[in-house]
Amino acid sequence: MSQVKAMSAVERIESLLDAGSFIEIGASVHARNTDFNMPEKQTPADGVITGYGTIDSNLVYVFSQDPSVMGGAIGEMHARKIEKIYELALKMGAPVIGMYDCAGLRLQEATDALDALGRLYRQQTAASGVIPQYAAVFGQCGGGTALLAALSDFTFMVKDTSALFVNAPNTLDDSCGAAERYAGAEFQGRETGNADFVCENEETLLAQLRELVLMLPFNQEDVLDYDVCEDDLNRKIADYSGTGDVAQVLKDITDVGRYVEVTAGYTREMVTAFVKLNGLTVGAVANRTEILDENGEAAESFNGKLTTEGLQKAADFIRFCDAFSIPVLSLVSATGFDTTVANEKSVAREAARLIHTFADASAPKVTLLTGEAYGSAYLTMNSGHIGADLVYAWPTASVGMMPAENAVKIIYNDEIDASDDAQGLIAEKAAAYAALQTSPESAAGRGYVDAVIEPESTRQHLIAAFEMLYSKRAVRPSKKHSTL
């Protein structure tokens, strides 16, 4: 466990916001329950500091639970104070940042606490897609409080001190031996994806939270402006063709390293990140087949297949982007769906959900084919066939039903069996098939790829594409909502 002294509830707020900008609301509120000798207990601010302030002069609302007051447990007035913050945030169109350090629900207040917590769930639901919601977990965040964090858009945790759980570890039927660690930040970041950011300490968490807040819109009507870009719009990037770590591509194309990866530790074959292109925030999803270390060597490899977890991760990210009209960039290198029994149980549903999410999204959508893109996996990853506005491809990419060699083995099966030089015949036929069916030039000739571009000019082309699509307007069918 970390030996660094934890900040107080107020210190956390003051460290996050612009100096001197915090204004507290509801400082005099205290518990009103009279059962179980509650009037004898001191509950200043009822265990939560609430108010508003600014981040880089932008209005935000914030609450910070105070574990020195009844362990930070949520009582009726505690939850009502947070509900009040949400009401104001919705009126003003400003984000809500919640700082969690809580022992759970206050048992002495029972149904009153449950009523207030349920009302808070409803308020968070109303705010979803209207204003961004951020959850920063500093200490305990368990039971019903964990659902508050889960209802937020992004969850931050501290590596050694945060705990996020619905059922306490000592209540689990622990058949896999994970009970003692599953609530921790590293487990929640790598194994469940519930933690979008796992930070070394509280100071790092607050710095990363502040960076993300400034990178994203402040409400759904907040038109994304172009920040000042100090990078060359026409800067050439390295030739990453043949490299499976697309995170390197995203880091290279973005403005002066303005790259924030989300849920980086979870299902790492699917990358989700926010980047800046000519000062514009863009949400990027990308298929990764390897992770390179600082020496450029492969530290971890993947099979190029889409997994259930990766599909879920991408869909959740795209839904957030589209809710706030953040343009979407897809880097595609997917050869199929993962062939495991566990994946097969739910891959159809999750692939359909990602297809629906991409197709339904009205934000600007640009796709770049970086490697092998085959079959339904290729269609799923924001292909032009399901609604991408522009599709580019590197010359080394391939797109089609399957690899050319596999296709010719089926098409020319009899000839191959009768040939004295089967491998030579396969190579000859595969080259011809690739030129006709799987090359990017072939796809461009059919209008499925808008341009075949050199890897070095990727940044230039993407900036131009999103600039052209900046004022995109999409007309949707009239309906209450979709069913996926």
# chains A, B, ... in the order shown; residues from 1 in each chain; ligands from 1
>>> select_by_dssp(residues="segment 193-338 of chain A", states="strand (DSSP E)", output="ChimeraX atom specification")
/A:197-199,259-262,270-277,280-287,290-292,298-301,305-306,328-332,336-337
>>> residues_around(residues="segment 160-175 of chain A", least_positions_apart="3", cutoff="12 Å", atoms="only C-alpha atoms", output="PyMOL selection string")
chain A and resi 1-7+99-105+135-150+155-157+178-189+192-195+197-202+205
>>> closest_atom_pairs(of="segment 234-300 of chain A", to="segment 368-375 of chain A", cutoff="12 Å", atoms="only C-alpha atoms", output="tab-separated table")
residue	atom	partner	partner_atom	distance
A:Asp239	CA	A:Thr370	CA	10.9
A:Tyr240	CA	A:Thr370	CA	8.7
A:Ser241	CA	A:Thr370	CA	6.9
A:Gly242	CA	A:Gly371	CA	7.5
A:Thr243	CA	A:Gly371	CA	8.9
A:Gly244	CA	A:Gly371	CA	8.3
A:Asp245	CA	A:Thr370	CA	10.6
A:Val246	CA	A:Thr370	CA	8.6
A:Val249	CA	A:Thr370	CA	9.9
A:Leu250	CA	A:Leu368	CA	11.5
A:Ala284	CA	A:Leu368	CA	10.7
A:Val285	CA	A:Leu368	CA	10.5
A:Ala286	CA	A:Leu368	CA	9.3
A:Asn287	CA	A:Thr370	CA	9.2
A:Arg288	CA	A:Gly371	CA	10.0
A:Thr289	CA	A:Gly371	CA	9.9
>>> write_last_selection(atoms="N, CA and C atoms", output="CSV table (one decimal), in the first residue's frame")
chain,number,residue,atom,x,y,z
A,239,ASP,N,7.0,5.5,-41.7
A,239,ASP,CA,6.3,4.4,-42.4
A,239,ASP,C,6.1,3.2,-41.5
A,240,TYR,N,4.8,3.1,-41.0
A,240,TYR,CA,4.5,2.1,-40.0
A,240,TYR,C,3.9,0.9,-40.7
A,241,SER,N,3.9,0.8,-42.0
A,241,SER,CA,3.3,-0.4,-42.7
A,241,SER,C,4.1,-1.6,-42.3
A,242,GLY,N,3.5,-2.6,-41.9
A,242,GLY,CA,4.1,-3.8,-41.4
A,242,GLY,C,4.3,-3.8,-39.9
A,243,THR,N,4.0,-2.7,-39.3
A,243,THR,CA,4.1,-2.6,-37.8
A,243,THR,C,2.7,-2.8,-37.2
A,244,GLY,N,2.6,-3.7,-36.2
A,244,GLY,CA,1.2,-4.0,-35.7
A,244,GLY,C,0.8,-3.1,-34.5
A,245,ASP,N,1.7,-2.2,-34.1
A,245,ASP,CA,1.4,-1.4,-32.9
A,245,ASP,C,0.8,-0.1,-33.4
A,246,VAL,N,-0.5,0.0,-33.6
A,246,VAL,CA,-1.1,1.2,-34.2
A,246,VAL,C,-1.1,2.3,-33.2
A,249,VAL,N,1.3,4.7,-34.4
A,249,VAL,CA,0.8,5.5,-35.5
A,249,VAL,C,0.0,6.7,-35.0
A,250,LEU,N,-0.9,6.4,-34.0
A,250,LEU,CA,-1.8,7.4,-33.4
A,250,LEU,C,-0.9,8.5,-32.7
A,284,ALA,N,-10.3,7.9,-31.5
A,284,ALA,CA,-9.7,6.9,-32.4
A,284,ALA,C,-9.9,5.5,-31.8
A,285,VAL,N,-10.3,4.5,-32.7
A,285,VAL,CA,-10.3,3.1,-32.4
A,285,VAL,C,-9.4,2.4,-33.4
A,286,ALA,N,-8.7,1.4,-32.9
A,286,ALA,CA,-7.7,0.8,-33.8
A,286,ALA,C,-7.5,-0.7,-33.3
A,287,ASN,N,-7.3,-1.5,-34.3
A,287,ASN,CA,-6.9,-2.9,-34.1
A,287,ASN,C,-5.4,-3.0,-34.0
A,288,ARG,N,-5.0,-3.7,-32.9
A,288,ARG,CA,-3.5,-3.8,-32.7
A,288,ARG,C,-3.1,-5.3,-32.7
A,289,THR,N,-2.0,-5.6,-33.4
A,289,THR,CA,-1.5,-7.0,-33.4
A,289,THR,C,-0.3,-7.2,-32.6
>>> residues_around(residues="Ala407 of chain A", least_positions_apart="6", cutoff="9 Å", atoms="only C-alpha atoms", output="PyMOL selection string")
chain A and resi 401+430+433
>>> write_last_selection(atoms="N, CA and C atoms", output="mmCIF file, in the first residue's frame")
data_model
loop_
_atom_site.group_PDB
_atom_site.id
_atom_site.type_symbol
_atom_site.label_atom_id
_atom_site.label_comp_id
_atom_site.auth_asym_id
_atom_site.auth_seq_id
_atom_site.Cartn_x
_atom_site.Cartn_y
_atom_site.Cartn_z
ATOM 1 N N MET A 401 -12.651 -10.887 -48.828
ATOM 2 C CA MET A 401 -13.291 -11.966 -48.077
ATOM 3 C C MET A 401 -12.307 -12.688 -47.165
ATOM 4 N N ALA A 430 -2.570 -16.833 -56.383
ATOM 5 C CA ALA A 430 -2.797 -15.895 -55.276
ATOM 6 C C ALA A 430 -2.441 -14.474 -55.701
ATOM 7 N N TYR A 433 -5.250 -13.286 -57.879
ATOM 8 C CA TYR A 433 -6.455 -13.044 -57.083
ATOM 9 C C TYR A 433 -6.312 -11.755 -56.273
#
>>> closest_residue(among="A:Asp421, A:Asp153, A:Glu269, A:Glu191", to="Cys321 of chain A", atoms="only C-alpha atoms")
A:Asp153
>>> atom_distance(atom1="atom CA of Asn234 of chain A", atom2="atom CA of Gln460 of chain A")
4.9 Å
>>> closest_residue(among="A:Ile237, A:Val399, A:Leu390, A:Met381", to="Glu456 of chain A", atoms="only C-alpha atoms")
A:Ile237
>>> select_by_dssp(residues="segment 408-462 of chain A", states="alpha helix (DSSP H)", output="count of residues only")
33
>>> closest_atom_pairs(of="segment 109-139 of chain A", to="segment 213-228 of chain A", cutoff="10 Å", atoms="only C-alpha atoms", output="Markdown table")
| residue | atom | partner | partner_atom | distance |
| --- | --- | --- | --- | --- |
| A:Ala127 | CA | A:Asn219 | CA | 9.6 |
| A:Ser128 | CA | A:Gln220 | CA | 9.7 |
| A:Gly129 | CA | A:Gln220 | CA | 6.6 |
| A:Val130 | CA | A:Gln220 | CA | 5.0 |
| A:Ile131 | CA | A:Asn219 | CA | 4.3 |
| A:Pro132 | CA | A:Asn219 | CA | 6.6 |
| A:Gln133 | CA | A:Val213 | CA | 9.6 |
| A:Tyr134 | CA | A:Val213 | CA | 8.5 |
>>> atom_distance(atom1="atom CA of Val347 of chain A", atom2="atom CA of Arg319 of chain A")
18.5 Å
>>> closest_residue(among="A:Phe302, A:Phe317, A:Tyr52, A:Phe22", to="Thr272 of chain A", atoms="only C-alpha atoms")
A:Phe317
>>> closest_residue(among="A:Pro477, A:Ala113, A:Arg122, A:Glu230", to="Tyr86 of chain A", atoms="only C-alpha atoms")
A:Arg122
>>> residues_around(residues="segment 408-419 of chain A", least_positions_apart="6", cutoff="10 Å", atoms="only C-alpha atoms", output="ChimeraX atom specification")
/A:402,425-434
>>> residues_around(residues="Ile253 of chain A", least_positions_apart="3", cutoff="9 Å", atoms="only C-alpha atoms", output="tab-separated table (two decimals) with C-alpha atoms, in the first residue's frame")
chain	number	residue	atom	x	y	z
A	235	ARG	CA	4.37	16.83	-41.26
A	236	LYS	CA	5.42	13.44	-42.58
A	237	ILE	CA	5.23	10.50	-40.20
A	248	GLN	CA	2.55	4.26	-32.39
A	249	VAL	CA	0.76	5.49	-35.52
A	250	LEU	CA	-1.77	7.43	-33.45
A	256	VAL	CA	2.80	17.33	-30.58
A	257	GLY	CA	1.95	14.17	-28.66
A	275	VAL	CA	-5.97	12.51	-30.24
A	276	LYS	CA	-5.61	16.05	-31.53
A	277	LEU	CA	-5.46	16.69	-35.27
A	458	THR	CA	-1.36	9.95	-43.19
A	459	ARG	CA	-1.46	12.97	-40.88
A	460	GLN	CA	-1.95	15.37	-43.79
A	462	LEU	CA	-6.62	12.82	-42.00
>>> closest_residue(among="A:Gly47, A:Ala404, A:Lys251, A:Ala397", to="Ala444 of chain A", atoms="only C-alpha atoms")
A:Ala397
>>> atom_distance(atom1="atom CA of Glu290 of chain A", atom2="atom CA of Asn382 of chain A")
21.1 Å
